[in-house]
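Okay, model-v3.txt is below, compact mmCIF, C-alpha atoms:
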```txt
# COMPACT_ATOMS: atom_id res chain seq x y z
CA MET A 1031 12.39 9.54 15.70
CA THR A 1032 13.82 6.02 15.72
CA ALA A 1033 16.74 4.85 13.60
CA ARG A 1034 14.34 2.76 11.53
CA ARG A 1035 12.06 5.73 10.93
CA LEU A 1036 15.08 7.75 9.74
CA ALA A 1037 16.24 4.95 7.50
CA LEU A 1038 12.87 4.41 5.84
CA ALA A 1039 11.81 8.03 5.37
CA LEU A 1040 13.54 8.37 1.97
CA PRO A 1041 13.26 11.46 -0.24
CA LEU A 1042 10.57 11.67 -2.88
CA LEU A 1043 11.71 11.70 -6.49
CA ALA A 1044 10.45 14.80 -8.31
CA VAL A 1045 8.15 14.35 -11.30
CA GLY A 1046 5.91 16.58 -13.36
CA LEU A 1047 2.16 16.93 -12.84
CA ALA A 1048 -0.71 17.21 -15.31
CA VAL A 1049 -4.49 17.53 -15.35
CA ALA A 1050 -6.80 14.61 -16.11
CA ALA A 1051 -10.44 13.54 -15.63
CA PRO A 1052 -11.73 12.77 -12.10
CA VAL A 1053 -11.31 9.23 -10.82
CA PRO A 1054 -14.45 7.13 -10.17
CA LYS A 1055 -15.58 6.55 -6.58
CA LEU A 1056 -13.61 9.53 -5.31
CA GLU A 1057 -15.00 13.01 -4.83
CA ALA A 1058 -11.86 14.47 -6.40
CA GLU A 1059 -10.74 18.05 -6.48
CA PRO A 1060 -10.24 19.54 -9.96
CA GLY A 1061 -6.82 20.31 -11.37
CA PRO A 1062 -3.35 18.99 -10.57
CA ALA A 1063 -2.37 17.84 -7.11
CA THR A 1064 -0.78 20.41 -4.84
CA LYS A 1065 2.66 19.95 -3.32
CA GLN A 1066 1.08 19.68 0.12
CA GLN A 1067 -1.28 16.92 -1.01
CA LEU A 1068 1.63 15.00 -2.49
CA ARG A 1069 3.67 15.47 0.69
CA THR A 1070 0.75 14.23 2.78
CA ALA A 1071 0.21 11.19 0.56
CA ARG A 1072 3.88 10.34 0.58
CA GLN A 1073 4.06 10.63 4.38
CA ARG A 1074 1.02 8.38 4.84
CA MET A 1075 2.58 5.74 2.62
CA ALA A 1076 5.88 6.08 4.51
CA ASP A 1077 4.08 5.67 7.86
CA ILE A 1078 2.46 2.45 6.63
CA LEU A 1079 5.80 1.08 5.43
CA ILE A 1080 7.51 1.94 8.72
CA ALA A 1081 4.71 0.18 10.60
CA LEU A 1082 5.09 -2.88 8.37
CA HIS A 1083 8.78 -3.11 9.25
CA ASN A 1084 8.20 -2.49 12.94
CA TYR A 1085 5.60 -5.27 12.91
CA HIS A 1086 8.16 -7.53 11.21
CA ASP A 1087 10.77 -6.66 13.85
CA ALA A 1088 8.34 -7.54 16.64
CA VAL A 1089 6.64 -10.63 15.20
CA GLY A 1090 9.15 -12.07 12.73
CA HIS A 1091 7.10 -11.59 9.58
CA PHE A 1092 4.99 -8.97 7.85
CA PRO A 1093 1.28 -8.80 8.80
CA ALA A 1094 -1.23 -10.98 7.00
CA ASN A 1095 -5.02 -10.98 6.79
CA VAL A 1096 -6.69 -12.55 9.81
CA THR A 1097 -8.30 -15.92 9.07
CA ASP A 1098 -10.80 -18.06 10.95
CA GLY A 1099 -10.43 -21.74 11.78
CA LYS A 1100 -11.57 -22.68 8.26
CA GLY A 1101 -9.01 -20.50 6.50
CA VAL A 1102 -11.50 -17.82 5.51
CA THR A 1103 -10.10 -14.30 5.74
CA THR A 1104 -12.04 -12.16 8.19
CA LEU A 1105 -10.02 -8.98 8.84
CA SER A 1106 -7.45 -7.01 6.86
CA TRP A 1107 -3.74 -6.85 7.58
CA ARG A 1108 -4.40 -3.12 8.05
CA VAL A 1109 -6.12 -3.97 11.35
CA GLN A 1110 -3.09 -6.02 12.42
CA LEU A 1111 -0.93 -2.98 11.77
CA LEU A 1112 -2.81 -0.67 14.17
CA PRO A 1113 -0.57 -1.09 17.25
CA TYR A 1114 2.41 -0.05 15.09
CA LEU A 1115 0.59 3.08 13.92
CA GLU A 1116 0.08 4.32 17.50
CA GLN A 1117 -3.50 3.01 17.35
CA ASN A 1118 -3.36 0.31 20.03
CA ALA A 1119 -6.54 1.55 21.74
CA LEU A 1120 -8.47 1.10 18.50
CA TYR A 1121 -6.92 -2.31 17.91
CA GLU A 1122 -8.08 -3.55 21.29
CA LYS A 1123 -11.68 -2.75 20.35
CA PHE A 1124 -11.62 -5.32 17.53
CA ASP A 1125 -12.85 -8.87 17.98
CA LEU A 1126 -10.26 -10.86 16.02
CA LYS A 1127 -12.59 -13.86 15.96
CA GLU A 1128 -15.30 -11.88 14.17
CA ALA A 1129 -15.51 -10.86 10.51
CA TRP A 1130 -14.87 -7.27 9.48
CA ASP A 1131 -18.61 -6.70 9.00
CA GLY A 1132 -19.70 -8.49 12.17
CA PRO A 1133 -21.81 -6.69 14.81
CA ASN A 1134 -18.79 -5.47 16.80
CA ASN A 1135 -16.23 -4.81 14.10
CA ARG A 1136 -18.47 -2.99 11.64
CA LYS A 1137 -18.95 -0.26 14.25
CA LEU A 1138 -15.22 0.48 14.03
CA ILE A 1139 -15.10 1.12 10.27
CA ALA A 1140 -15.80 4.82 10.86
CA ASP A 1141 -12.74 5.03 13.14
CA MET A 1142 -10.27 4.59 10.26
CA PRO A 1143 -6.91 6.23 11.08
CA ASP A 1144 -5.89 9.20 8.94
CA CYS A 1145 -2.94 7.31 7.47
CA PHE A 1146 -5.36 5.14 5.46
CA ALA A 1147 -7.40 8.09 4.16
CA PRO A 1148 -6.78 9.70 0.72
CA ALA A 1149 -4.67 12.85 0.78
CA ARG A 1150 -7.00 14.50 -1.71
CA GLY A 1151 -10.77 14.28 -2.08
CA LYS A 1152 -13.07 11.99 -0.13
CA THR A 1153 -14.29 8.48 -0.80
CA LYS A 1154 -18.03 8.13 -1.26
CA ASN A 1155 -18.17 5.60 1.56
CA ALA A 1156 -16.67 6.53 4.93
CA GLY A 1157 -13.93 4.16 6.01
CA ASP A 1158 -12.73 3.31 2.50
CA THR A 1159 -9.02 3.28 1.67
CA PHE A 1160 -6.90 3.19 -1.47
CA TYR A 1161 -3.86 1.83 0.41
CA GLN A 1162 -3.74 -1.80 -0.64
CA GLY A 1163 -1.30 -4.58 -1.37
CA PHE A 1164 -1.47 -7.20 -4.09
CA GLU A 1165 -3.07 -10.56 -3.33
CA GLY A 1166 -2.07 -13.62 -5.34
CA ASN A 1167 0.63 -16.26 -5.67
CA GLY A 1168 4.02 -14.92 -4.69
CA THR A 1169 2.80 -11.54 -3.44
CA MET A 1170 3.40 -9.92 -0.07
CA PHE A 1171 -0.20 -10.53 0.98
CA GLN A 1172 -0.78 -13.97 -0.50
CA THR A 1173 -3.59 -15.69 1.42
CA GLY A 1174 -2.23 -18.12 3.99
CA ARG A 1175 1.29 -16.75 3.77
CA LYS A 1176 3.21 -14.79 6.40
CA THR A 1177 5.98 -13.15 4.42
CA ARG A 1178 9.40 -12.60 5.98
CA ILE A 1179 12.14 -10.38 4.63
CA ALA A 1180 14.11 -13.57 4.00
CA ASP A 1181 11.31 -14.74 1.68
CA ILE A 1182 11.74 -11.72 -0.62
CA SER A 1183 14.44 -13.25 -2.77
CA ASP A 1184 13.91 -10.69 -5.54
CA GLY A 1185 15.15 -8.03 -3.13
CA THR A 1186 13.18 -5.65 -0.94
CA SER A 1187 14.06 -2.65 -3.13
CA ASN A 1188 12.72 -4.55 -6.14
CA THR A 1189 9.41 -5.72 -4.63
CA ILE A 1190 6.19 -3.74 -4.13
CA ALA A 1191 4.51 -3.82 -0.71
CA VAL A 1192 1.66 -1.29 -0.93
CA VAL A 1193 0.19 0.96 -3.65
CA GLU A 1194 -2.56 3.52 -4.07
CA ALA A 1195 -5.15 1.32 -5.76
CA GLY A 1196 -7.59 2.44 -8.43
CA GLU A 1197 -10.67 1.46 -6.43
CA PRO A 1198 -11.13 1.88 -2.67
CA VAL A 1199 -12.03 -0.88 -0.23
CA THR A 1200 -13.31 -0.79 3.35
CA TRP A 1201 -10.11 -0.53 5.38
CA THR A 1202 -10.99 -3.39 7.75
CA LYS A 1203 -12.07 -5.72 4.96
CA PRO A 1204 -9.50 -8.30 3.80
CA GLY A 1205 -9.55 -6.86 0.30
CA ASP A 1206 -6.49 -6.12 -1.81
CA ILE A 1207 -5.72 -5.93 -5.52
CA PRO A 1208 -6.08 -9.35 -7.18
CA PHE A 1209 -2.86 -10.34 -8.96
CA ASP A 1210 -2.39 -12.81 -11.78
CA ALA A 1211 1.22 -13.42 -12.83
CA LYS A 1212 0.02 -14.22 -16.35
CA ALA A 1213 -1.80 -10.91 -16.76
CA ALA A 1214 -0.60 -8.70 -19.59
CA GLU A 1215 -2.16 -5.50 -18.33
CA LEU A 1216 -1.90 -3.57 -15.12
CA PRO A 1217 -4.83 -3.62 -12.70
CA LYS A 1218 -6.53 -0.29 -12.04
CA LEU A 1219 -4.21 1.91 -9.99
CA GLY A 1220 -4.02 5.51 -8.84
CA GLY A 1221 -7.43 6.36 -7.44
CA VAL A 1222 -6.32 9.43 -5.49
CA PHE A 1223 -4.48 11.60 -8.01
CA ASP A 1224 -5.12 11.99 -11.70
CA VAL A 1225 -1.94 10.98 -13.49
CA GLU A 1226 0.31 9.50 -10.81
CA PHE A 1227 0.19 7.28 -7.76
CA PHE A 1228 2.45 6.36 -4.88
CA VAL A 1229 4.12 2.98 -4.57
CA GLY A 1230 5.61 1.65 -1.33
CA MET A 1231 8.48 -0.80 -1.77
CA CYS A 1232 9.43 -3.55 0.66
CA ASP A 1233 12.64 -1.74 1.60
CA GLY A 1234 10.57 1.15 2.95
CA SER A 1235 11.13 3.57 0.06
CA VAL A 1236 8.25 5.54 -1.46
CA ARG A 1237 8.08 6.09 -5.22
CA LEU A 1238 5.78 8.18 -7.35
CA ALA A 1239 4.77 6.46 -10.58
CA LEU A 1240 3.49 8.23 -13.68
CA THR A 1241 0.43 6.34 -14.91
CA LYS A 1242 0.81 7.01 -18.64
CA HIS A 1243 4.48 6.05 -18.80
CA ILE A 1244 4.55 2.80 -16.82
CA ASP A 1245 5.95 -0.32 -18.46
CA PRO A 1246 3.29 -2.91 -17.44
CA ALA A 1247 5.59 -5.92 -17.82
CA GLN A 1248 8.34 -4.37 -15.70
CA PHE A 1249 5.87 -3.15 -13.10
CA LEU A 1250 4.16 -6.53 -12.73
CA MET A 1251 7.54 -8.20 -12.19
CA ARG A 1252 7.87 -6.12 -9.05
CA VAL A 1253 4.62 -7.38 -7.55
CA THR A 1254 5.97 -10.82 -6.64
CA ALA A 1255 8.50 -11.34 -3.87
CA ASN A 1256 10.31 -14.31 -5.36
CA GLY A 1257 9.64 -14.33 -9.09
CA GLY A 1258 13.32 -14.61 -9.92
CA GLU A 1259 13.58 -11.31 -11.81
CA VAL A 1260 16.98 -9.64 -11.84
CA ALA A 1261 17.05 -6.08 -10.50
CA ASP A 1262 17.80 -3.60 -13.31
CA TRP A 1263 17.76 0.14 -12.60
CA ASP A 1264 17.01 1.07 -16.20
CA ALA A 1265 14.12 -1.40 -16.23
CA ALA A 1266 12.96 0.02 -12.90
CA ASP A 1267 12.87 3.49 -14.44
CA ALA A 1268 10.59 2.16 -17.17
CA ALA A 1269 8.45 0.33 -14.64
CA PHE A 1270 7.54 3.48 -12.71
CA GLY A 1271 7.67 5.98 -15.55
CA TRP A 1272 10.32 8.34 -14.29
CA GLU A 1273 13.75 9.33 -15.53
CA ARG A 1274 16.23 8.42 -12.84
CA LYS A 1275 18.56 11.14 -11.70
CA ARG A 1276 22.17 10.24 -12.36
CA ARG A 1277 24.44 10.37 -9.32
```
Please express what this file holds, its structure, as C-alpha cells.
Amino acid sequence: MTARRLALALPLLAVGLAVAAPVPKLEAEPGPATKQQLRTARQRMADILIALHNYHDAVGHFPANVTDGKGVTTLSWRVQLLPYLEQNALYEKFDLKEAWDGPNNRKLIADMPDCFAPARGKTKNAGDTFYQGFEGNGTMFQTGRKTRIADISDGTSNTIAVVEAGEPVTWTKPGDIPFDAKAAELPKLGGVFDVEFFVGMCDGSVRLALTKHIDPAQFLMRVTANGGEVADWDAADAAFGWERKRR
C-alpha cells in the first residue's frame, strides 16, 4: 500500500440506519443496508478518490471528460481513470477519438470495473454507475476545465469530488449531475441506499451523508471548487447531516 493510499483511506464516520422505500432504477434489496455493503461502498468510493489523486500526480490535473475537436464530450472521465484503477488493459481497448456509444466503445460498456458498480442491488441496465461528479460552472468536472488542486481555493476538504447520484448513468458516457449555483434544492442523490449516500471529498476523505438531515444550502456550497465559501465545521455537520464527534 502506497503512502498516498494510506493517507487517503480515512475512517468512516458512524451513523444510524433506517428503512425506506426502494429507489427507482435500482433493483434494491429490502431493509437497511448491511455493514458489509456499507464497507464495500465506502471502499469503492475511496478507490476512486485515490485514483483521482494518482492521476493528478501523474498528469498535473484531475481527469476531465474526453472531447472531440469541436469541444463535444465523447467519453467520461471515468474512462480516463482506468489506468489508475489497475485497468490499463481495458483502457487500451478504448478508441479515444470515438464517442462512448460508437461501434468500438459501446462493446466495452459491459466491462465496467467493480469499483463503479453499486454495493447493493443491481442497476436495470448493465454498465450503469451511480458514481458521478457534478457538472457546471465552478465544479470539479466543469466542461472544458482541467481542475488542479491549486484551483480548489475553497479547500480540498471543503469541496465535493464524487457522490453516489440518485440516477445511474452509463459509466463510459460523459454524464454527471447537472449543477446550477442558483438552485435552491438538492439534485437527486443516493440511488444505492435508502436513507444515506457516500460523498467523496477532494482531499480523499469519504463521508456518509444522511439524506433527510442535509442542509441543502450548505451542501451546495461544497459542490464548487472556488465559490469563496469559508470552511466551517459546524456548517459542514449540517451539510452532511451528521453530528460530529468531538475530539
When distances are computed from only C-alpha atoms, which of A:Val1109, A:Ala1269, A:Leu1115, A:Leu1126 shows the smallest separation from Thr1097 of chain A?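 Between A:Val1109, A:Ala1269, A:Leu1115, A:Leu1126, the residue approaching Thr1097 of chain A most closely is A:Leu1126.
Our summary of the geometry notes that atom CA of Lys1127 of chain A is positioned 8.6 Å from atom CA of Val1096 of chain A.
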Could you jot down the atom CA of Asn1155 of chain A to atom CA of Ala1063 of chain A separation for me, Å, one decimal place?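 Interatomic distance here is 21.8 Å.
Using all atoms listed in the file, the residues found no farther than 8 Å from Ala1214 of chain A, other than those of its own chain fewer than 2 positions away, are A:Lys1212, A:Leu1216, A:Pro1246, A:Ala1247.
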Among the residues A:Tyr1085, A:Phe1160, A:Tyr1114, A:Phe1124, the one that comes closest to Thr1200 of chain A [using only C-alpha atoms]: A:Phe1160
Considering only C-alpha atoms, state which residue in the set A:Asn1095, A:Thr1070, A:Thr1064, A:Thr1241 is at the smallest distance from Lys1218 of chain A. A:Thr1241
Choose the residue, out of A:Arg1074, A:Lys1100, A:Lys1242, A:Lys1137, that has the smallest atom-to-atom separation from Thr1159 of chain A; count all atoms listed in the file.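 Closest residue, counting all atoms listed in the file: A:Arg1074.
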If you measure from atom CA of His1091 of chain A to atom CA of Leu1120 of chain A, what distance in Å do you get, rounded to one decimal?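 Result for atom CA of His1091 of chain A versus atom CA of Leu1120 of chain A: 22.0 Å, one decimal.
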Give as a PyMOL selection string each residue that has an atom at most 9 Å from (5.4, 5.8, -19.3) in the file, counting all atoms listed in the file. chain A and resi 1239-1245+1268-1272
Hey, can I get the axis-aligned box for segment 1109-1126 of chain A? All listed atoms, 6 Å padding on each side, centre and edge lengths in Å to one decimal, as JSON.
```
{"center_x": -5.2, "center_y": -3.3, "center_z": 16.5, "size_x": 27.3, "size_y": 27.2, "size_z": 22.4}
```
Counting only C-alpha atoms, the option among A:Pro1143, A:Gly1234, A:Pro1208, A:Gly1132 closest to Gly1157 of chain A: A:Pro1143
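Of the residues listed (A:Phe1249, A:Asp1077, A:Leu1068, A:Asp1181), A:Leu1068 shows the shortest atom-to-atom separation from Phe1227 of chain A; distances use only C-alpha atoms.
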Can you tell me which residues surround Cys1145 of chain A at a distance of at most 12 Å, considering only C-alpha atoms, apart from same-chain residues fewer than 4 positions away, and format the answer as a PyMOL selection string? chain A and resi 1070-1081+1108+1111-1112+1114-1117+1141+1149+1157-1161+1201
Could you give me, as a tab-separated table, every segment 1213-1262 of chain A residue with an atom at most 6 Å from segment 1184-1187 of chain A, plus its closest atom pair and distance in Å to one decimal, counting only C-alpha atoms, rows ordered by chain then number?
```
residue	atom	partner	partner_atom	distance
A:Cys1232	CA	A:Thr1186	CA	4.6
A:Asp1233	CA	A:Thr1186	CA	4.7
A:Ala1255	CA	A:Asp1184	CA	5.7
A:Asn1256	CA	A:Asp1184	CA	5.1
A:Gly1258	CA	A:Asp1184	CA	5.9
```
Take the selection from the previous step and output its residues with C-alpha atoms, as a PDB file, keeping the file's coordinate frame.
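The resulting file, result.pdb, is shown below:
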```
ATOM      1  CA  CYS A1232       9.430  -3.550   0.660  1.00  0.00           C
ATOM      2  CA  ASP A1233      12.640  -1.740   1.600  1.00  0.00           C
ATOM      3  CA  ALA A1255       8.500 -11.340  -3.870  1.00  0.00           C
ATOM      4  CA  ASN A1256      10.310 -14.310  -5.360  1.00  0.00           C
ATOM      5  CA  GLY A1258      13.320 -14.610  -9.920  1.00  0.00           C
TER       6      GLY A1258
END
```
For a cutoff of 8 Å around the file-coordinate point (-9.0, -2.7, -7.0), which residues qualify once you count only C-alpha atoms? I'd like the result as a PyMOL selection string. chain A and resi 1195-1199+1206-1208+1217-1219
Go ahead and write the residues just picked, C-alpha atoms, as a compact mmCIF listing (two decimals), keeping the file's coordinate frame.
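Ended up saving to result-v6.txt:
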```txt
# COMPACT_ATOMS: atom_id res chain seq x y z
CA ALA A 1195 -5.15 1.32 -5.76
CA GLY A 1196 -7.59 2.44 -8.43
CA GLU A 1197 -10.67 1.46 -6.43
CA PRO A 1198 -11.13 1.88 -2.67
CA VAL A 1199 -12.03 -0.88 -0.23
CA ASP A 1206 -6.49 -6.12 -1.81
CA ILE A 1207 -5.72 -5.93 -5.52
CA PRO A 1208 -6.08 -9.35 -7.18
CA PRO A 1217 -4.83 -3.62 -12.70
CA LYS A 1218 -6.53 -0.29 -12.04
CA LEU A 1219 -4.21 1.91 -9.99
```
Just the residues within 6 Å of Ser1106 of chain A, please, counting all atoms listed in the file, with nothing from its chain fewer than 5 positions along; format it as a short mmCIF file (atom, residue, chain, number, x, y, z; two decimals) with C-alpha atoms, in the frame of the given file.
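Okay, around.cif is ready:
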```
data_model
loop_
_atom_site.label_atom_id
_atom_site.label_comp_id
_atom_site.auth_asym_id
_atom_site.auth_seq_id
_atom_site.Cartn_x
_atom_site.Cartn_y
_atom_site.Cartn_z
CA ASN A 1095 -5.02 -10.98 6.79
CA THR A 1202 -10.99 -3.39 7.75
CA LYS A 1203 -12.07 -5.72 4.96
CA PRO A 1204 -9.50 -8.30 3.80
#
```
Need the shell around Gly1168 of chain A: protein/DNA/RNA residues with any atom at most 12 Å away, counting all atoms listed in the file. Skip same-chain ones fewer than 4 positions apart. Format as a PyMOL selection string? chain A and resi 1164+1172-1177+1181-1184+1189-1191+1208-1211+1250-1258
